[in-house]
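*Asks:* Pasting a structure below so you can have a look.
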Amino acid sequence: MGEREFAEVLRAAIQARGLGLERIRERLLVQGVSVSMATLSYWQSGRSRPERRDSLAAVVLLEEVLEVPAGTLSASLGPPRPRGRWLSTVPDRPDVAAYWPRPGAVEAAVSEVDIRWDERLTRISQHDRVFIGADGGERSYHSRQVLRAEADGPDRWVVIMHLDEHDRPLPDIWPLRHCSLGRTVRRPEDGLLVAELLFDHPLRKGETVITEHELVNVAPYPPATNYERKFRLPVREFVLEICFDPDVLPATCTAFSQLDDGVEQSRLVEVASEVHDVVLNFGPGRHGFRWEWGQHNLPVFGRE
């Protein structure tokens, strides 16, 4: 049996158990396994299947949560698909809204811009710097991309930004190098900003481009407890820096990664005014930092 059979068996087990995906996720967490809502949704819809070792281990626990006989789900999995350490193209590409908490809202916003060239751009390098103020609010984000065209014609890069708190103003976006602002979609009710960054000229096949842009928040600043970047296509190098005010540091800071159908991996990092992480040949998936403010250094969010 193969991927469709696994999805069908999983859907039937979920319906028979009568649990929602959030409840299933919570019960897996109690057993020490983190599987995102998006991953569970993809598994039951057949858009992806568990293949990595940690995902297969999660399936065993999933059988317990759904109260099906041991091996019911595992036996429905077909042979694993071939995977390379680095794939510049992905046979089963996640949708553009993959890994976002509300895919429908993202898809609706993205439909208003031109993403036809997205899969023709190889992500060579992505470097994000996130600046956190003394009040614990997200001040700005600086991003640098190195992209290579895999066909003649790519002329833009699409940025998707989501704020967890929808009652705060969306950031302003500023092109800095080798790009200009194209169509911009602002949906404050969904906390979404989608924008086109137009290259200086259309790229030829094999040509590379370096672009830089900045997202700048306005007061009241969104409270900052995490930052992650989502990759629907692989990136050869991702560098992420979080820059805290030296006088107001978090109590703990954790780096985390989750590949397309995998279980989240995390590790504590030493707290400092600047923390960074580097991952190579990463994705599809998401990678980022989350942090906690201690009682002794709890900032007053949204105030100067």
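To be explicit about the labels: the chains of the structure tokens are called A, B, and onward in the order shown, and within each one the residues are counted from 1, while ligands get numbers from 1 in the order they are shown.
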Which polymer residues have any atom within 10 Å of an atom of Asp277 of chain A, counting only C-alpha atoms, with same-chain residues fewer than 6 positions away left out, as a list of chain:residue names?

*Replies:* A:Phe238, A:Val239, A:Leu240, A:Glu241, A:Ile242, A:Ala255, A:Phe256, A:Val269, A:His287, A:Gly288, A:Phe289

*Asks:* Near segment 183-186 of chain A, within 10 Å and counting only C-alpha atoms, which residues show up once chain neighbours fewer than 5 positions away are dropped, as a PyMOL selection string?

*Replies:* chain A and resi 109-114+158-161+170-171+173+191-198

*Asks:* Would you list the contacts of Arg53 of chain A as a PyMOL selection string, taking every protein, DNA or RNA residue within 9 Å and counting only C-alpha atoms, but skipping same-chain residues closer than 4 positions in sequence?

*Replies:* chain A and resi 57-58+262

*Asks:* Identify, with DSSP run on backbone atoms, the residues in segment 52-237 of chain A assigned to strand (DSSP E), and express the list as a PyMOL selection string.

*Replies:* chain A and resi 121-132+138-149+156-162+172-177+179-187+192-199+208-216+226-231+235-237

*Asks:* List the spatial neighbours of Glu5 of chain A as a PyMOL selection string - criterion: any atom at most 12 Å away, only C-alpha atoms, same-chain residues fewer than 2 positions off excluded.

*Replies:* chain A and resi 1-3+7-12+43-46+48-49+72-78

*Asks:* So what do you get for atom CA of Val271 of chain A versus atom CA of Phe244 of chain A, distance-wise?

*Replies:* 9.6 Å

*Asks:* When you count only C-alpha atoms, which of these residues is closest to Ser273 of chain A: A:Arg139, A:Asp172, A:Leu147, A:Gly133?

*Replies:* A:Gly133

*Asks:* Can you pull out every residue within 12 Å of Gly20 of chain A, counting only C-alpha atoms, but drop anything in the same chain fewer than 3 positions away, and send it as a PyMOL selection string?

*Replies:* chain A and resi 11+13-17+23-27+37+40-41+44+65-66

*Asks:* Which residue is closest to Asp247 of chain A? Choose from A:His178, A:Pro169, A:Arg148, A:Ala134 and count only C-alpha atoms.

*Replies:*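 Checking each of A:His178, A:Pro169, A:Arg148, A:Ala134 against Asp247 of chain A, counting only C-alpha atoms, the winner is A:Ala134.
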